[in-house]
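*Asks:* For reference, the structure I am asking about is given below.
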4 protein chains.
Amino acid sequence: MRGVCNLDKPYFIQTSEPALEKPIFVLGLPGFGNVGKIAVHLLLKFCGAKPFAELYSPSFPDYVSVNSKGICHMPRYEFYAAPMEKNDFLIMTGDTQPSFDDVVAHYMLCSEILDFLERKRCSFVITIGGAPITEEKAQVYVAATSPRLALEFMEKGAVIYSKGRIVGATGLMLGLARERNLEGICLLGATTGLRADRGAGFSVFKFLMKALGNEVKEGL
Amino acid sequence: MRGVCNLDKPYFIQTSEPALEKPIFVLGLPGFGNVGKIAVHLLLKFCGAKPFAELYSPSFPDYVSVNSKGICHMPRYEFYAAPMEKNDFLIMTGDTQPSFDDVVAHYMLCSEILDFLERKRCSFVITIGGAPITEEKAQVYVAATSPRLALEFMEKGAVIYSKGRIVGATGLMLGLARERNLEGICLLGATTGLRADRGAGFSVFKFLMKALGNEVKEGL
Amino acid sequence: MRGVCNLDKPYFIQTSEPALEKPIFVLGLPGFGNVGKIAVHLLLKFCGAKPFAELYSPSFPDYVSVNSKGICHMPRYEFYAAPMEKNDFLIMTGDTQPSFDDVVAHYMLCSEILDFLERKRCSFVITIGGAPITEEKAQVYVAATSPRLALEFMEKGAVIYSKGRIVGATGLMLGLARERNLEGICLLGATTGLRADRGAGFSVFKFLMKALGNEVKEGL
Amino acid sequence: MRGVCNLDKPYFIQTSEPALEKPIFVLGLPGFGNVGKIAVHLLLKFCGAKPFAELYSPSFPDYVSVNSKGICHMPRYEFYAAPMEKNDFLIMTGDTQPSFDDVVAHYMLCSEILDFLERKRCSFVITIGGAPITEEKAQVYVAATSPRLALEFMEKGAVIYSKGRIVGATGLMLGLARERNLEGICLLGATTGLRADRGAGFSVFKFLMKALGNEVKEGL
């Protein structure tokens, strides 16, 4: 069900209230090599996650997406719930990022999402994206909100992503989370970025599941 | 007659109140191959539609258009009324679209238009544009707010426009209409887009008239 | 003297109150071939006009201009008063136009200027700019707020500027003036636009003076 | 310590209150040849300056910077205090400038900084940047808020920067300072701008220290 909506700021449409206990938030959006979106789609499938909310914003691009049946929908972020044995997940993906031209709007959108996550008692923020490949070997890079966390995930096999920048929502959500005293990490899959990189997306997904103590069968 | 106007948001100047009963809204603006604007101009001529309102906005480009007599006017959307036997039309066209850089302004402008349409008791939204040609054959594509509508217009001869995007007001107006529980379709005429494509515009116009049960003589 | 200023909207600093009776407003800003600015500078010199106000705006570009003595000043519009025998002038020029990216800010800035002009009881708006040359012969083109005015200045030797666009403040000020029931014209000097075109600027200046009944000696 | 922050406007996080007496404000940000940032980093080192405040803004770019240990932080301006014998310094640097697209936001950000400086009783504003090299000889150029100041620094060895523009925060802060009746200068180091120009940065730093009566040993 949909209702009339205000268009001067982002707004949520929540269709159900999932029972999640201190969920880990995982974000993957379109971007470099599409690594974030691919990794999160593998996670959604693995967890059997269920959609429960959508976020619309006037700072999203002014187009509609049309699905395979010819039905249009506005650009949006989608939220999924996945209650799991070891830890619950609250997962966000989408088909867009805000317009590059309006950074103030992007800050405010990420801030609305963090408000939403705090209401859902999220305990940890994980953002996933792609990083330009610099060595032959495929890598998963990690940046974090604290030295302790960076070390912890380095010990689990990631390489410290040092002296770089993480652009778009992937970086902004982690940086703003830190400003609120939330903890979190960003995982970046090394990719040439030339096309959607399913391999890099799977590497990040597998690393994340192993790091969090979930078993993933290779045949996924 | 004109008056002093506020410039911090869009504003309407309505010159008369047309007697329209649950009109169908049809929109065609400048764009790819100019298909939307051409199709709507054919519709205006076919219906003998009468102008009754104009919409100005500070998010339109900062130029004036000058007509053949040297008279300048601000960029604007124009609204026409056409009471017809089978169904009334409320038609919108214009000589511009909002600046590409300010998507928030575009969302708000489309929202103002939808408010206006609801006050006029519009029952259905039709947006018209161009789509890049992908096959030899000229086609009219359709996207819709519901599977039922997409099928209905497919049966009338249009091809489902699947897995694409519809940019600008042509897409945004349909997507935002759907958010308000309004029904509607977008018709896209296949065109190379290299120049104003009168053929594609006419194809969409003819399809629309046939689909709505109006007879069009070929010699228009 | 300067004071602390708000920076969330345009603001005027007026240094004196000139005695002007229903002045004609003339605007010339940097632009195509710099025709507008050159013509207005000739007018300032011809009239012995005196500066009396400045307009600052946060939508001007974020740089300072530095003069020949190394003194910086913010981008601004400058207003000059010229009480003359036949008709008084209120003249505006400047070293910039608002950022191309923020059209809403440009609409609001022009609106503030029109408020200012109405307080000064301006009776007529003249904007000056350049137009791409299309024939061998140098021309002065005219666009107007009414057919009567377009004809009047055509009879005085200008060519109707038909079916074109006039971009930036040169067009916007005239279009918005018309929305307020103010009368006015835009004069465009034909120019290749490759460099500052003093010849085109002088042609427009001379045409304007003759049309308003002022005598200009060739040696200016 | 960090707290929850509003994101609709710039905000300061101040960690201590330095004892500064009518400090001279010195600003150097990333830019042409990185001269400003390099000169200010030499000054920070020379003075043993201590950080005491940070400024965040939603008009900064939407990325996070990651340091060598993998820790992310939001783009920000950093403020340092340096109580010195001859004159105290309040020094600002950062890793970014606001988005080029939103000049209104840049004006407001600079205005917030000037408010902050006035609360700290800053007596003088010095901005440092790079200027394109035009002669063989390396030069330090000066622009100022008054003829007296321009002459004073010319006598100390700088060349008057005449008839140019100073873009970004380097120019805007000086121009807006002048609007508030604050005094100040801009020092520009001549550079090809092709890479970070440590030589030009050092020249400006050395000139500044000499002009203010501080002794700098060559081996810094």
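By order in the structure tokens, chains are A, B, ...; within a chain, residues start at 1; ligands start at 1, following the order shown.
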Excluding Leu29 of chain C and residues on its chain fewer than 3 positions from it, collect all residues at most 6 Å away from it, counting only C-alpha atoms, and give them as number ranges by chain.
*Replies:* C: 36-37, 93-94
*Asks:* What are the nearest atom pairs, with distances in Å to one decimal, for all residues of chain C that come at most 8 Å from chain D, using only C-alpha atoms, set out by chain and rising residue number as CSV?
*Replies:*
residue,atom,partner,partner_atom,distance
C:Arg2,CA,D:Glu179,CA,6.0
C:Gly3,CA,D:Arg180,CA,5.6
C:Val4,CA,D:Arg180,CA,4.7
C:Cys5,CA,D:Arg180,CA,7.2
C:Leu7,CA,D:Met108,CA,6.0
C:Asp8,CA,D:Met108,CA,6.8
C:Pro58,CA,D:Val104,CA,4.7
C:Ser59,CA,D:Val104,CA,5.2
C:Phe60,CA,D:Val103,CA,7.1
C:Pro61,CA,D:Val103,CA,6.2
C:Asp62,CA,D:Gly168,CA,5.5
C:Tyr63,CA,D:Val167,CA,4.1
C:Val64,CA,D:Gly171,CA,5.1
C:Ser65,CA,D:Arg165,CA,4.6
C:Val66,CA,D:Lys163,CA,5.1
C:Asn67,CA,D:Lys163,CA,4.6
C:Ser68,CA,D:Ser162,CA,4.4
C:Lys69,CA,D:Ser162,CA,6.0
C:Gly70,CA,D:Ala143,CA,4.6
C:Ile71,CA,D:Ala144,CA,5.1
C:Cys72,CA,D:Thr145,CA,6.0
C:His73,CA,D:Gly175,CA,5.5
C:Met74,CA,D:Gly175,CA,5.3
C:Ser99,CA,D:Val103,CA,7.5
C:Asp101,CA,D:Asp101,CA,6.5
C:Asp102,CA,D:Asp102,CA,7.8
*Asks:* With only C-alpha atoms as the counted atoms, please give the residues lying no more than 10 Å from Thr134 of chain A, apart from itself and same-chain residues fewer than 5 positions off, as a list in words.
*Replies:*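 With the cut-off at 10 Å, the set is Gln139, Ala190, Thr191 and Thr192 of chain A.
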*Asks:* Would you list the contacts of Leu90 of chain C as a compact mmCIF listing (two decimals) with N, CA and C atoms, in the first residue's frame, taking every protein, DNA or RNA residue within 10 Å and counting only C-alpha atoms, but skipping same-chain residues closer than 6 positions in sequence?
*Replies:*
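Everything below was put into result-v3.txt:
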# COMPACT_ATOMS: atom_id res chain seq x y z
N PRO C 18 20.27 58.67 -5.01
CA PRO C 18 20.30 59.60 -6.14
C PRO C 18 18.89 60.15 -6.44
N LEU C 20 16.52 60.54 -8.97
CA LEU C 20 16.20 60.06 -10.33
C LEU C 20 14.69 60.10 -10.50
N GLU C 21 14.24 60.60 -11.66
CA GLU C 21 12.81 60.63 -11.90
C GLU C 21 12.44 59.59 -12.94
N LYS C 22 11.66 58.61 -12.53
CA LYS C 22 11.25 57.52 -13.42
C LYS C 22 12.38 57.09 -14.36
N PRO C 23 13.49 56.64 -13.78
CA PRO C 23 14.66 56.35 -14.62
C PRO C 23 14.44 55.14 -15.53
N ILE C 24 15.12 55.15 -16.65
CA ILE C 24 15.23 53.97 -17.50
C ILE C 24 16.34 53.10 -16.94
N PHE C 25 16.05 51.83 -16.76
CA PHE C 25 17.06 50.90 -16.25
C PHE C 25 17.80 50.29 -17.44
N VAL C 26 19.13 50.33 -17.38
CA VAL C 26 19.94 49.70 -18.44
C VAL C 26 20.92 48.72 -17.79
N LEU C 27 20.93 47.47 -18.31
CA LEU C 27 21.76 46.42 -17.74
C LEU C 27 22.73 45.89 -18.80
N LEU C 44 27.94 54.68 -19.33
CA LEU C 44 28.39 55.26 -18.05
C LEU C 44 29.26 56.49 -18.29
N ALA C 49 27.90 58.91 -15.24
CA ALA C 49 27.08 58.27 -14.20
C ALA C 49 27.88 58.08 -12.91
N LYS C 50 27.18 58.16 -11.77
CA LYS C 50 27.83 58.02 -10.46
C LYS C 50 27.37 56.75 -9.75
N PRO C 51 28.30 55.95 -9.19
CA PRO C 51 27.91 54.75 -8.46
C PRO C 51 27.16 55.10 -7.19
N PHE C 52 26.09 54.33 -6.88
CA PHE C 52 25.36 54.63 -5.63
C PHE C 52 24.94 53.38 -4.87
N PHE C 79 25.52 49.58 -9.27
CA PHE C 79 24.44 50.43 -9.76
C PHE C 79 24.91 51.87 -9.84
N TYR C 80 24.60 52.51 -10.95
CA TYR C 80 25.01 53.90 -11.20
C TYR C 80 23.78 54.74 -11.50
N ALA C 81 23.84 56.01 -11.11
CA ALA C 81 22.74 56.94 -11.40
C ALA C 81 23.23 58.00 -12.38
N ALA C 82 22.39 58.31 -13.36
CA ALA C 82 22.74 59.35 -14.33
C ALA C 82 21.50 60.19 -14.62
N PRO C 83 21.32 61.31 -13.88
CA PRO C 83 20.22 62.22 -14.21
C PRO C 83 20.58 62.94 -15.51
N LEU C 117 14.40 47.99 -8.36
CA LEU C 117 14.05 48.92 -9.44
C LEU C 117 12.66 49.52 -9.24
N LYS C 120 12.79 52.24 -6.86
CA LYS C 120 13.39 53.44 -7.48
C LYS C 120 12.49 53.99 -8.59
N CYS C 122 11.57 52.77 -11.46
CA CYS C 122 12.01 52.59 -12.85
C CYS C 122 10.81 52.42 -13.75
N VAL C 125 12.75 48.85 -18.73
CA VAL C 125 13.91 47.97 -18.56
C VAL C 125 14.58 47.72 -19.90
*Asks:* Which residues are near Tyr77 of chain A? Cut-off 8 Å, only C-alpha atoms, ignore same chain within fewer than 3 positions. Put them as an mmCIF file with C-alpha atoms, in the first residue's frame.
*Replies:*
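Below is the file that was written, out.cif:
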data_model
loop_
_atom_site.group_PDB
_atom_site.id
_atom_site.type_symbol
_atom_site.label_atom_id
_atom_site.label_comp_id
_atom_site.auth_asym_id
_atom_site.auth_seq_id
_atom_site.Cartn_x
_atom_site.Cartn_y
_atom_site.Cartn_z
ATOM 1 C CA GLU A 54 11.697 1.359 1.313
ATOM 2 C CA LEU A 55 13.293 4.801 1.334
ATOM 3 C CA TYR A 56 12.452 7.436 -1.288
ATOM 4 C CA MET A 92 20.135 -2.236 2.522
ATOM 5 C CA THR A 93 20.521 -2.123 -1.232
ATOM 6 C CA GLY A 94 19.062 -0.082 -4.076
ATOM 7 C CA ASP A 95 19.291 0.781 -7.728
ATOM 8 C CA THR A 96 20.854 4.199 -7.428
#
*Asks:* What does the distance from atom CA of Leu42 of chain D to atom CA of Leu208 of chain D come to in Å, to one decimal?
*Replies:*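 So the answer is 11.2 Å.
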*Asks:* How many Å lie between atom CA of Met209 of chain D and atom CA of Thr127 of chain D, rounded to one decimal?
*Replies:* 13.8 Å
*Asks:* Run DSSP on the backbone and tell me which residues of segment 125-172 of chain A come out as strand (DSSP E or B); list them as a PyMOL selection string.
*Replies:* chain A and resi 125-132+140-144+159-160+165-167
*Asks:* Go ahead and save the residues from that selection, with all heavy atoms, as a CSV table (one decimal), in the first residue's frame.
*Replies:*
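selection_15.csv, freshly written:
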chain,number,residue,atom,x,y,z
A,125,VAL,N,27.8,-1.3,11.8
A,125,VAL,CA,27.6,-0.9,10.4
A,125,VAL,C,28.7,-1.5,9.5
A,125,VAL,O,29.9,-1.3,9.7
A,125,VAL,CB,27.7,0.7,10.3
A,125,VAL,CG1,27.7,1.1,8.8
A,125,VAL,CG2,26.5,1.3,11.0
A,126,ILE,N,28.3,-2.2,8.5
A,126,ILE,CA,29.2,-2.7,7.5
A,126,ILE,C,28.8,-2.2,6.1
A,126,ILE,O,27.7,-2.4,5.6
A,126,ILE,CB,29.2,-4.3,7.4
A,126,ILE,CG1,29.6,-4.8,8.8
A,126,ILE,CG2,30.1,-4.8,6.3
A,126,ILE,CD1,29.5,-6.3,8.9
A,127,THR,N,29.7,-1.5,5.4
A,127,THR,CA,29.5,-1.0,4.1
A,127,THR,C,30.4,-1.8,3.1
A,127,THR,O,31.5,-2.1,3.5
A,127,THR,CB,29.6,0.5,3.9
A,127,THR,OG1,31.0,0.8,4.0
A,127,THR,CG2,28.9,1.3,5.0
A,128,ILE,N,29.9,-2.1,1.9
A,128,ILE,CA,30.7,-2.9,1.0
A,128,ILE,C,30.8,-2.1,-0.4
A,128,ILE,O,29.8,-1.6,-0.8
A,128,ILE,CB,30.0,-4.3,0.8
A,128,ILE,CG1,29.9,-5.0,2.1
A,128,ILE,CG2,30.8,-5.1,-0.2
A,128,ILE,CD1,29.2,-6.4,2.0
A,129,GLY,N,32.0,-2.1,-0.9
A,129,GLY,CA,32.2,-1.5,-2.2
A,129,GLY,C,33.3,-2.1,-3.0
A,129,GLY,O,33.8,-3.2,-2.6
A,130,GLY,N,33.7,-1.5,-4.0
A,130,GLY,CA,34.9,-1.9,-4.8
A,130,GLY,C,36.0,-1.0,-4.7
A,130,GLY,O,35.8,0.2,-4.5
A,131,ALA,N,37.2,-1.5,-4.9
A,131,ALA,CA,38.4,-0.7,-4.9
A,131,ALA,C,39.3,-1.0,-6.1
A,131,ALA,O,39.3,-2.2,-6.5
A,131,ALA,CB,39.3,-0.9,-3.6
A,132,PRO,N,39.9,-0.1,-6.7
A,132,PRO,CA,40.7,-0.4,-7.9
A,132,PRO,C,41.8,-1.4,-7.6
A,132,PRO,O,42.5,-1.3,-6.5
A,132,PRO,CB,41.3,1.0,-8.3
A,132,PRO,CG,40.6,2.0,-7.5
A,132,PRO,CD,40.0,1.3,-6.3
A,140,VAL,N,40.6,-8.5,-0.3
A,140,VAL,CA,39.5,-7.7,0.4
A,140,VAL,C,40.2,-6.7,1.3
A,140,VAL,O,41.0,-7.1,2.2
A,140,VAL,CB,38.6,-8.7,1.2
A,140,VAL,CG1,37.6,-7.9,2.0
A,140,VAL,CG2,37.9,-9.6,0.2
A,141,TYR,N,39.9,-5.4,1.1
A,141,TYR,CA,40.4,-4.4,1.9
A,141,TYR,C,39.5,-4.0,3.0
A,141,TYR,O,38.2,-4.1,2.9
A,141,TYR,CB,40.7,-3.1,1.1
A,141,TYR,CG,41.8,-3.3,0.1
A,141,TYR,CD1,41.5,-3.7,-1.2
A,141,TYR,CD2,43.1,-3.2,0.4
A,141,TYR,CE1,42.5,-3.9,-2.2
A,141,TYR,CE2,44.2,-3.4,-0.5
A,141,TYR,CZ,43.8,-3.7,-1.8
A,141,TYR,OH,44.8,-3.9,-2.7
A,142,VAL,N,40.0,-3.5,4.1
A,142,VAL,CA,39.1,-3.0,5.2
A,142,VAL,C,39.6,-1.6,5.7
A,142,VAL,O,40.7,-1.3,5.8
A,142,VAL,CB,39.2,-4.0,6.4
A,142,VAL,CG1,40.6,-4.1,7.1
A,142,VAL,CG2,38.1,-3.7,7.5
A,143,ALA,N,38.6,-0.8,6.0
A,143,ALA,CA,38.7,0.5,6.7
A,143,ALA,C,37.8,0.4,7.9
A,143,ALA,O,36.7,-0.3,7.8
A,143,ALA,CB,38.5,1.7,5.8
A,144,ALA,N,38.0,1.1,8.9
A,144,ALA,CA,37.2,0.9,10.1
A,144,ALA,C,37.1,2.2,10.9
A,144,ALA,O,37.7,3.2,10.6
A,144,ALA,CB,37.8,-0.1,11.0
A,159,VAL,N,43.1,-6.8,4.1
A,159,VAL,CA,44.3,-5.9,4.0
A,159,VAL,C,43.8,-4.5,4.4
A,159,VAL,O,42.8,-4.0,4.0
A,159,VAL,CB,44.9,-5.9,2.6
A,159,VAL,CG1,46.0,-4.9,2.5
A,159,VAL,CG2,45.3,-7.3,2.2
A,160,ILE,N,44.6,-3.8,5.3
A,160,ILE,CA,44.3,-2.5,5.7
A,160,ILE,C,44.2,-1.6,4.4
A,160,ILE,O,45.2,-1.5,3.6
A,160,ILE,CB,45.3,-1.9,6.7
A,160,ILE,CG1,45.3,-2.7,8.0
A,160,ILE,CG2,45.0,-0.4,7.0
A,160,ILE,CD1,44.1,-2.5,8.9
A,165,ARG,N,40.6,7.2,-0.3
A,165,ARG,CA,39.3,7.7,0.0
A,165,ARG,C,38.3,6.7,-0.4
A,165,ARG,O,38.5,5.9,-1.3
A,165,ARG,CB,39.1,9.0,-0.9
A,165,ARG,CG,39.8,10.2,-0.5
A,165,ARG,CD,39.7,11.3,-1.5
A,165,ARG,NE,40.4,12.5,-1.0
A,165,ARG,CZ,40.5,13.6,-1.7
A,165,ARG,NH1,40.0,13.7,-2.9
A,165,ARG,NH2,41.1,14.6,-1.2
A,166,ILE,N,37.1,6.7,0.3
A,166,ILE,CA,36.0,5.9,0.0
A,166,ILE,C,34.8,6.8,-0.4
A,166,ILE,O,34.3,7.5,0.5
A,166,ILE,CB,35.7,4.9,1.1
A,166,ILE,CG1,36.9,4.2,1.6
A,166,ILE,CG2,34.5,4.0,0.7
A,166,ILE,CD1,36.7,3.4,2.9
A,167,VAL,N,34.5,6.8,-1.6
A,167,VAL,CA,33.5,7.8,-2.1
A,167,VAL,C,32.1,7.3,-2.0
A,167,VAL,O,31.8,6.1,-1.9
A,167,VAL,CB,33.8,8.2,-3.6
A,167,VAL,CG1,35.2,8.8,-3.7
A,167,VAL,CG2,33.7,7.0,-4.5
*Asks:* What does the distance between atom CA of Lys210 of chain C and atom CA of Leu43 of chain C come to in Å, to one decimal place?
*Replies:*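 Taking atom CA of Lys210 of chain C and atom CA of Leu43 of chain C, their separation equals 12.3 Å.
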